[in-house]
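Participant: Sharing my_file-v4.cif (mmCIF, N, CA and C atoms) below.
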data_model
loop_
_atom_site.label_atom_id
_atom_site.label_comp_id
_atom_site.auth_asym_id
_atom_site.auth_seq_id
_atom_site.Cartn_x
_atom_site.Cartn_y
_atom_site.Cartn_z
N MET A 1 0.84 -1.16 0.00
CA MET A 1 0.00 0.00 0.00
C MET A 1 0.89 1.23 0.00
N LYS A 2 0.59 2.18 -0.88
CA LYS A 2 1.35 3.41 -0.97
C LYS A 2 0.70 4.47 -0.10
N LYS A 3 1.53 5.27 0.57
CA LYS A 3 1.01 6.40 1.32
C LYS A 3 1.80 7.61 0.90
N LEU A 4 1.11 8.60 0.42
CA LEU A 4 1.72 9.83 -0.06
C LEU A 4 1.28 10.95 0.87
N GLN A 5 2.24 11.66 1.43
CA GLN A 5 1.91 12.78 2.29
C GLN A 5 2.30 14.07 1.60
N VAL A 6 1.36 14.96 1.50
CA VAL A 6 1.58 16.25 0.87
C VAL A 6 1.36 17.30 1.94
N VAL A 7 2.34 18.15 2.12
CA VAL A 7 2.23 19.24 3.09
C VAL A 7 2.03 20.52 2.31
N VAL A 8 0.92 21.19 2.59
CA VAL A 8 0.58 22.41 1.88
C VAL A 8 0.68 23.57 2.87
N ARG A 9 1.48 24.56 2.52
CA ARG A 9 1.59 25.76 3.34
C ARG A 9 1.44 26.96 2.44
N LYS A 10 0.50 27.80 2.79
CA LYS A 10 0.27 29.01 2.01
C LYS A 10 0.46 30.21 2.92
N ASN A 11 1.02 31.26 2.36
CA ASN A 11 1.12 32.52 3.09
C ASN A 11 -0.07 33.37 2.73
N GLY A 12 -0.84 33.77 3.73
CA GLY A 12 -2.03 34.56 3.48
C GLY A 12 -2.37 35.41 4.69
N SER A 13 -3.33 36.29 4.51
CA SER A 13 -3.70 37.18 5.60
C SER A 13 -4.61 36.51 6.61
N ASN A 14 -5.38 35.48 6.19
CA ASN A 14 -6.27 34.78 7.11
C ASN A 14 -5.47 33.73 7.86
N ARG A 15 -5.36 33.91 9.14
CA ARG A 15 -4.64 32.94 9.96
C ARG A 15 -5.65 32.25 10.87
N GLY A 16 -5.74 30.96 10.71
CA GLY A 16 -6.70 30.21 11.50
C GLY A 16 -6.01 29.08 12.24
N VAL A 17 -6.78 28.22 12.79
CA VAL A 17 -6.27 27.07 13.51
C VAL A 17 -5.81 26.04 12.50
N GLY A 18 -4.70 25.35 12.78
CA GLY A 18 -4.18 24.33 11.87
C GLY A 18 -5.16 23.19 11.68
N ASN A 19 -5.19 22.62 10.49
CA ASN A 19 -6.09 21.51 10.22
C ASN A 19 -5.45 20.56 9.22
N SER A 20 -6.02 19.40 9.08
CA SER A 20 -5.54 18.44 8.09
C SER A 20 -6.72 17.66 7.57
N SER A 21 -6.59 17.15 6.37
CA SER A 21 -7.64 16.32 5.80
C SER A 21 -6.99 15.17 5.07
N VAL A 22 -7.72 14.07 4.99
CA VAL A 22 -7.21 12.87 4.33
C VAL A 22 -8.17 12.53 3.20
N ALA A 23 -7.62 12.39 2.01
CA ALA A 23 -8.41 11.98 0.85
C ALA A 23 -7.87 10.64 0.37
N SER A 24 -8.74 9.72 0.06
CA SER A 24 -8.27 8.42 -0.40
C SER A 24 -9.03 8.00 -1.65
N GLY A 25 -8.35 7.28 -2.49
CA GLY A 25 -8.95 6.74 -3.70
C GLY A 25 -8.75 5.24 -3.73
N VAL A 26 -9.70 4.53 -4.26
CA VAL A 26 -9.63 3.06 -4.32
C VAL A 26 -9.61 2.63 -5.77
N ARG A 27 -8.68 1.77 -6.12
CA ARG A 27 -8.61 1.16 -7.45
C ARG A 27 -8.64 -0.34 -7.27
N TYR A 28 -9.20 -1.02 -8.22
CA TYR A 28 -9.19 -2.48 -8.22
C TYR A 28 -8.31 -2.90 -9.39
N VAL A 29 -7.25 -3.62 -9.10
CA VAL A 29 -6.28 -3.98 -10.14
C VAL A 29 -6.41 -5.46 -10.49
N GLU A 30 -5.34 -6.19 -10.65
CA GLU A 30 -5.39 -7.52 -11.27
C GLU A 30 -6.34 -8.51 -10.58
N CYS A 31 -6.95 -9.33 -11.42
CA CYS A 31 -7.90 -10.35 -10.96
C CYS A 31 -7.13 -11.50 -10.33
N GLN A 32 -7.59 -11.96 -9.18
CA GLN A 32 -6.92 -13.04 -8.47
C GLN A 32 -7.78 -14.29 -8.35
N LYS A 33 -8.84 -14.38 -9.15
CA LYS A 33 -9.72 -15.55 -9.09
C LYS A 33 -8.99 -16.77 -9.64
N ASN A 34 -9.02 -17.85 -8.87
CA ASN A 34 -8.40 -19.11 -9.28
C ASN A 34 -9.44 -19.92 -10.06
N HIS A 35 -9.28 -19.95 -11.37
CA HIS A 35 -10.25 -20.63 -12.23
C HIS A 35 -10.09 -22.15 -12.24
N ALA A 36 -8.99 -22.65 -11.69
CA ALA A 36 -8.77 -24.10 -11.68
C ALA A 36 -8.87 -24.69 -10.27
N ALA A 37 -9.50 -23.98 -9.35
CA ALA A 37 -9.59 -24.44 -7.96
C ALA A 37 -10.39 -25.74 -7.84
N ASN A 38 -11.40 -25.91 -8.67
CA ASN A 38 -12.24 -27.12 -8.55
C ASN A 38 -11.52 -28.40 -8.98
N ILE A 39 -10.41 -28.30 -9.72
CA ILE A 39 -9.64 -29.49 -10.10
C ILE A 39 -8.30 -29.56 -9.37
N GLY A 40 -8.12 -28.67 -8.37
CA GLY A 40 -6.92 -28.71 -7.54
C GLY A 40 -5.73 -27.97 -8.13
N GLY A 41 -5.95 -27.17 -9.13
CA GLY A 41 -4.85 -26.42 -9.75
C GLY A 41 -4.91 -24.94 -9.43
N TYR A 42 -4.07 -24.20 -10.13
CA TYR A 42 -4.07 -22.76 -9.96
C TYR A 42 -3.92 -22.11 -11.33
N ALA A 43 -4.89 -21.31 -11.71
CA ALA A 43 -4.84 -20.60 -12.99
C ALA A 43 -5.64 -19.31 -12.88
N VAL A 44 -5.00 -18.21 -13.22
CA VAL A 44 -5.70 -16.92 -13.25
C VAL A 44 -5.87 -16.52 -14.71
N ASP A 45 -6.82 -15.61 -14.96
CA ASP A 45 -7.14 -15.27 -16.35
C ASP A 45 -6.27 -14.17 -16.94
N GLY A 46 -5.48 -13.48 -16.14
CA GLY A 46 -4.59 -12.45 -16.67
C GLY A 46 -5.20 -11.07 -16.76
N CYS A 47 -6.40 -10.88 -16.25
CA CYS A 47 -7.03 -9.56 -16.27
C CYS A 47 -6.22 -8.64 -15.37
N ARG A 48 -5.80 -7.50 -15.88
CA ARG A 48 -4.89 -6.61 -15.17
C ARG A 48 -5.58 -5.48 -14.41
N GLU A 49 -6.81 -5.14 -14.75
CA GLU A 49 -7.50 -4.04 -14.07
C GLU A 49 -9.00 -4.19 -14.18
N PHE A 50 -9.70 -3.90 -13.10
CA PHE A 50 -11.15 -3.98 -13.07
C PHE A 50 -11.76 -2.83 -13.87
N MET A 51 -12.67 -3.18 -14.78
CA MET A 51 -13.44 -2.19 -15.53
C MET A 51 -14.91 -2.54 -15.34
N ALA A 52 -15.66 -1.65 -14.74
CA ALA A 52 -17.08 -1.91 -14.47
C ALA A 52 -17.83 -2.06 -15.78
N SER A 53 -18.73 -3.04 -15.83
CA SER A 53 -19.50 -3.26 -17.05
C SER A 53 -20.83 -2.51 -17.04
N GLY A 54 -21.07 -1.73 -15.97
CA GLY A 54 -22.31 -0.95 -15.89
C GLY A 54 -22.08 0.34 -15.15
N GLU A 55 -23.12 1.14 -15.08
CA GLU A 55 -23.05 2.42 -14.39
C GLU A 55 -23.03 2.21 -12.87
N GLU A 56 -22.48 3.18 -12.14
CA GLU A 56 -22.45 3.14 -10.69
C GLU A 56 -23.88 3.08 -10.15
N GLY A 57 -24.11 2.18 -9.20
CA GLY A 57 -25.45 2.01 -8.64
C GLY A 57 -26.24 0.89 -9.30
N MET A 58 -25.80 0.41 -10.46
CA MET A 58 -26.46 -0.68 -11.16
C MET A 58 -25.74 -1.99 -10.81
N THR A 59 -26.36 -3.13 -11.11
CA THR A 59 -25.74 -4.42 -10.78
C THR A 59 -24.49 -4.67 -11.61
N GLY A 60 -24.40 -4.12 -12.79
CA GLY A 60 -23.23 -4.30 -13.64
C GLY A 60 -22.00 -3.58 -13.13
N ALA A 61 -22.16 -2.68 -12.19
CA ALA A 61 -21.02 -1.93 -11.65
C ALA A 61 -20.08 -2.82 -10.85
N LEU A 62 -20.55 -3.98 -10.42
CA LEU A 62 -19.72 -4.89 -9.64
C LEU A 62 -19.14 -6.03 -10.47
N THR A 63 -19.42 -6.06 -11.76
CA THR A 63 -18.91 -7.11 -12.65
C THR A 63 -17.88 -6.51 -13.59
N CYS A 64 -16.74 -7.20 -13.74
CA CYS A 64 -15.67 -6.72 -14.61
C CYS A 64 -16.03 -6.98 -16.07
N ALA A 65 -15.90 -5.94 -16.90
CA ALA A 65 -16.22 -6.08 -18.32
C ALA A 65 -15.16 -6.91 -19.04
N ALA A 66 -13.94 -6.94 -18.53
CA ALA A 66 -12.85 -7.67 -19.19
C ALA A 66 -12.91 -9.18 -18.93
N CYS A 67 -13.12 -9.57 -17.66
CA CYS A 67 -13.04 -11.00 -17.34
C CYS A 67 -14.34 -11.61 -16.85
N GLY A 68 -15.33 -10.77 -16.51
CA GLY A 68 -16.62 -11.29 -16.05
C GLY A 68 -16.68 -11.64 -14.58
N CYS A 69 -15.60 -11.42 -13.84
CA CYS A 69 -15.56 -11.75 -12.41
C CYS A 69 -16.15 -10.61 -11.58
N HIS A 70 -16.55 -10.94 -10.35
CA HIS A 70 -17.03 -9.93 -9.41
C HIS A 70 -15.85 -9.07 -8.97
N ARG A 71 -16.13 -7.83 -8.59
CA ARG A 71 -15.10 -6.88 -8.18
C ARG A 71 -14.27 -7.39 -7.00
N ASN A 72 -14.86 -8.22 -6.12
CA ASN A 72 -14.14 -8.74 -4.96
C ASN A 72 -12.96 -9.63 -5.33
N PHE A 73 -12.93 -10.19 -6.54
CA PHE A 73 -11.80 -11.03 -6.96
C PHE A 73 -10.59 -10.19 -7.38
N HIS A 74 -10.78 -8.91 -7.57
CA HIS A 74 -9.69 -8.03 -7.98
C HIS A 74 -9.01 -7.45 -6.74
N ARG A 75 -7.68 -7.36 -6.79
CA ARG A 75 -6.92 -6.84 -5.66
C ARG A 75 -7.24 -5.36 -5.48
N LYS A 76 -7.53 -5.00 -4.24
CA LYS A 76 -7.91 -3.63 -3.91
C LYS A 76 -6.66 -2.83 -3.57
N GLU A 77 -6.50 -1.69 -4.21
CA GLU A 77 -5.35 -0.82 -3.97
C GLU A 77 -5.88 0.52 -3.48
N VAL A 78 -5.50 0.90 -2.26
CA VAL A 78 -5.97 2.14 -1.66
C VAL A 78 -4.83 3.15 -1.71
N GLU A 79 -5.12 4.30 -2.29
CA GLU A 79 -4.15 5.39 -2.33
C GLU A 79 -4.62 6.46 -1.35
N THR A 80 -3.77 6.79 -0.39
CA THR A 80 -4.12 7.77 0.62
C THR A 80 -3.27 9.01 0.44
N GLN A 81 -3.90 10.14 0.47
CA GLN A 81 -3.20 11.41 0.36
C GLN A 81 -3.62 12.27 1.55
N GLU A 82 -2.64 12.72 2.30
CA GLU A 82 -2.93 13.53 3.47
C GLU A 82 -2.44 14.95 3.22
N VAL A 83 -3.31 15.91 3.43
CA VAL A 83 -2.95 17.31 3.28
C VAL A 83 -2.93 17.92 4.66
N VAL A 84 -1.77 18.43 5.03
CA VAL A 84 -1.59 19.00 6.37
C VAL A 84 -1.40 20.50 6.24
N CYS A 85 -2.18 21.25 6.97
CA CYS A 85 -2.05 22.71 6.98
C CYS A 85 -1.73 23.16 8.39
N ASP A 86 -0.78 24.06 8.51
CA ASP A 86 -0.51 24.63 9.82
C ASP A 86 -1.28 25.93 9.98
N SER A 87 -0.97 26.70 10.99
CA SER A 87 -1.74 27.91 11.29
C SER A 87 -1.59 29.00 10.23
N SER A 88 -0.62 28.85 9.32
CA SER A 88 -0.45 29.87 8.28
C SER A 88 -1.29 29.58 7.04
N CYS A 89 -2.06 28.52 7.02
CA CYS A 89 -2.91 28.19 5.86
C CYS A 89 -4.06 29.17 5.74
N VAL A 90 -4.51 29.36 4.51
CA VAL A 90 -5.63 30.25 4.26
C VAL A 90 -6.91 29.49 4.44
#
Produce structure tokens that represent the structure in this file.
Facilitator:
Amino acid sequence: MKKLQVVVRKNGSNRGVGNSSVASGVRYVECQKNHAANIGGYAVDGCREFMASGEEGMTGALTCAACGCHRNFHRKEVETQEVVCDSSCV
């Protein structure tokens, strides 16, 4: 998991109390479904990234358009970005 910290400092006339916020984004990358599990083997389909086959909120949003697997079979990658402001932030 990658963690990126960004420190933002601005010089301005409004001086307030220091604050920070955390923004995170989630991506679903390679498919990890074992297609040969029922015969005791191991084989993945090679799908490298989840692409929703439908609009957000619809049932197709959880199915990958490339491999047909559910989104839970794809490895979840969380990117976290923290923005820290001290008392000099606007």
Participant: Since I can't run it myself right now, could you work out what the PyMOL selection byres ((chain A and resi 64-74) around 8) selects here and report it as an MDAnalysis selection string?
Facilitator: chainID A and resid 27:34 45:54 60:63 75:77
Participant: Go ahead and compute the interatomic distance for atom CA of Ser24 of chain A and atom N of Glu82 of chain A, in Å to one decimal.
Facilitator: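 Spanning atom CA of Ser24 of chain A to atom N of Glu82 of chain A is a straight-line distance of 7.6 Å.
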Participant: In Å, rounded to a single decimal, give me how far atom CA of Glu79 of chain A is from atom CA of Val44 of chain A.
Facilitator: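 These atoms are spaced 24.9 Å apart.
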Participant: When you draw a straight line from atom CA of Gln81 of chain A to atom CA of Val26 of chain A, how long is it in Å?
Facilitator: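 According to the coordinates, atom CA of Gln81 of chain A and atom CA of Val26 of chain A are separated by 11.5 Å.
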Participant: With N, CA, C and O atoms as the target, complete segment 29-48 of chain A and hand it back as a compact mmCIF listing (two decimals), keeping the file's coordinate frame.
Facilitator:
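Output saved as rebuild_25.txt:
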# COMPACT_ATOMS: atom_id res chain seq x y z
N VAL A 29 -7.25 -3.62 -9.10
CA VAL A 29 -6.28 -3.98 -10.14
C VAL A 29 -6.41 -5.46 -10.49
O VAL A 29 -7.53 -5.93 -10.62
N GLU A 30 -5.34 -6.19 -10.65
CA GLU A 30 -5.39 -7.52 -11.27
C GLU A 30 -6.34 -8.51 -10.58
O GLU A 30 -6.51 -8.49 -9.38
N CYS A 31 -6.95 -9.33 -11.42
CA CYS A 31 -7.90 -10.35 -10.96
C CYS A 31 -7.13 -11.50 -10.33
O CYS A 31 -6.14 -11.97 -10.88
N GLN A 32 -7.59 -11.96 -9.18
CA GLN A 32 -6.92 -13.04 -8.47
C GLN A 32 -7.78 -14.29 -8.35
O GLN A 32 -7.49 -15.18 -7.56
N LYS A 33 -8.84 -14.38 -9.15
CA LYS A 33 -9.72 -15.55 -9.09
C LYS A 33 -8.99 -16.77 -9.64
O LYS A 33 -8.42 -16.76 -10.73
N ASN A 34 -9.02 -17.85 -8.87
CA ASN A 34 -8.40 -19.11 -9.28
C ASN A 34 -9.44 -19.92 -10.06
O ASN A 34 -10.34 -20.50 -9.50
N HIS A 35 -9.28 -19.95 -11.37
CA HIS A 35 -10.25 -20.63 -12.23
C HIS A 35 -10.09 -22.15 -12.24
O HIS A 35 -10.96 -22.85 -12.74
N ALA A 36 -8.99 -22.65 -11.69
CA ALA A 36 -8.77 -24.10 -11.68
C ALA A 36 -8.87 -24.69 -10.27
O ALA A 36 -8.39 -25.79 -10.02
N ALA A 37 -9.50 -23.98 -9.35
CA ALA A 37 -9.59 -24.44 -7.96
C ALA A 37 -10.39 -25.74 -7.84
O ALA A 37 -10.05 -26.60 -7.02
N ASN A 38 -11.40 -25.91 -8.67
CA ASN A 38 -12.24 -27.12 -8.55
C ASN A 38 -11.52 -28.40 -8.98
O ASN A 38 -11.95 -29.48 -8.64
N ILE A 39 -10.41 -28.30 -9.72
CA ILE A 39 -9.64 -29.49 -10.10
C ILE A 39 -8.30 -29.56 -9.37
O ILE A 39 -7.44 -30.36 -9.70
N GLY A 40 -8.12 -28.67 -8.37
CA GLY A 40 -6.92 -28.71 -7.54
C GLY A 40 -5.73 -27.97 -8.13
O GLY A 40 -4.62 -28.13 -7.66
N GLY A 41 -5.95 -27.17 -9.13
CA GLY A 41 -4.85 -26.42 -9.75
C GLY A 41 -4.91 -24.94 -9.43
O GLY A 41 -5.66 -24.50 -8.56
N TYR A 42 -4.07 -24.20 -10.13
CA TYR A 42 -4.07 -22.76 -9.96
C TYR A 42 -3.92 -22.11 -11.33
O TYR A 42 -2.94 -22.34 -12.03
N ALA A 43 -4.89 -21.31 -11.71
CA ALA A 43 -4.84 -20.60 -12.99
C ALA A 43 -5.64 -19.31 -12.88
O ALA A 43 -6.79 -19.33 -12.45
N VAL A 44 -5.00 -18.21 -13.22
CA VAL A 44 -5.70 -16.92 -13.25
C VAL A 44 -5.87 -16.52 -14.71
O VAL A 44 -5.17 -16.98 -15.59
N ASP A 45 -6.82 -15.61 -14.96
CA ASP A 45 -7.14 -15.27 -16.35
C ASP A 45 -6.27 -14.17 -16.94
O ASP A 45 -6.33 -13.92 -18.14
N GLY A 46 -5.48 -13.48 -16.14
CA GLY A 46 -4.59 -12.45 -16.67
C GLY A 46 -5.20 -11.07 -16.76
O GLY A 46 -4.58 -10.15 -17.28
N CYS A 47 -6.40 -10.88 -16.25
CA CYS A 47 -7.03 -9.56 -16.27
C CYS A 47 -6.22 -8.64 -15.37
O CYS A 47 -5.95 -8.97 -14.22
N ARG A 48 -5.80 -7.50 -15.88
CA ARG A 48 -4.89 -6.61 -15.17
C ARG A 48 -5.58 -5.48 -14.41
O ARG A 48 -4.99 -4.89 -13.53
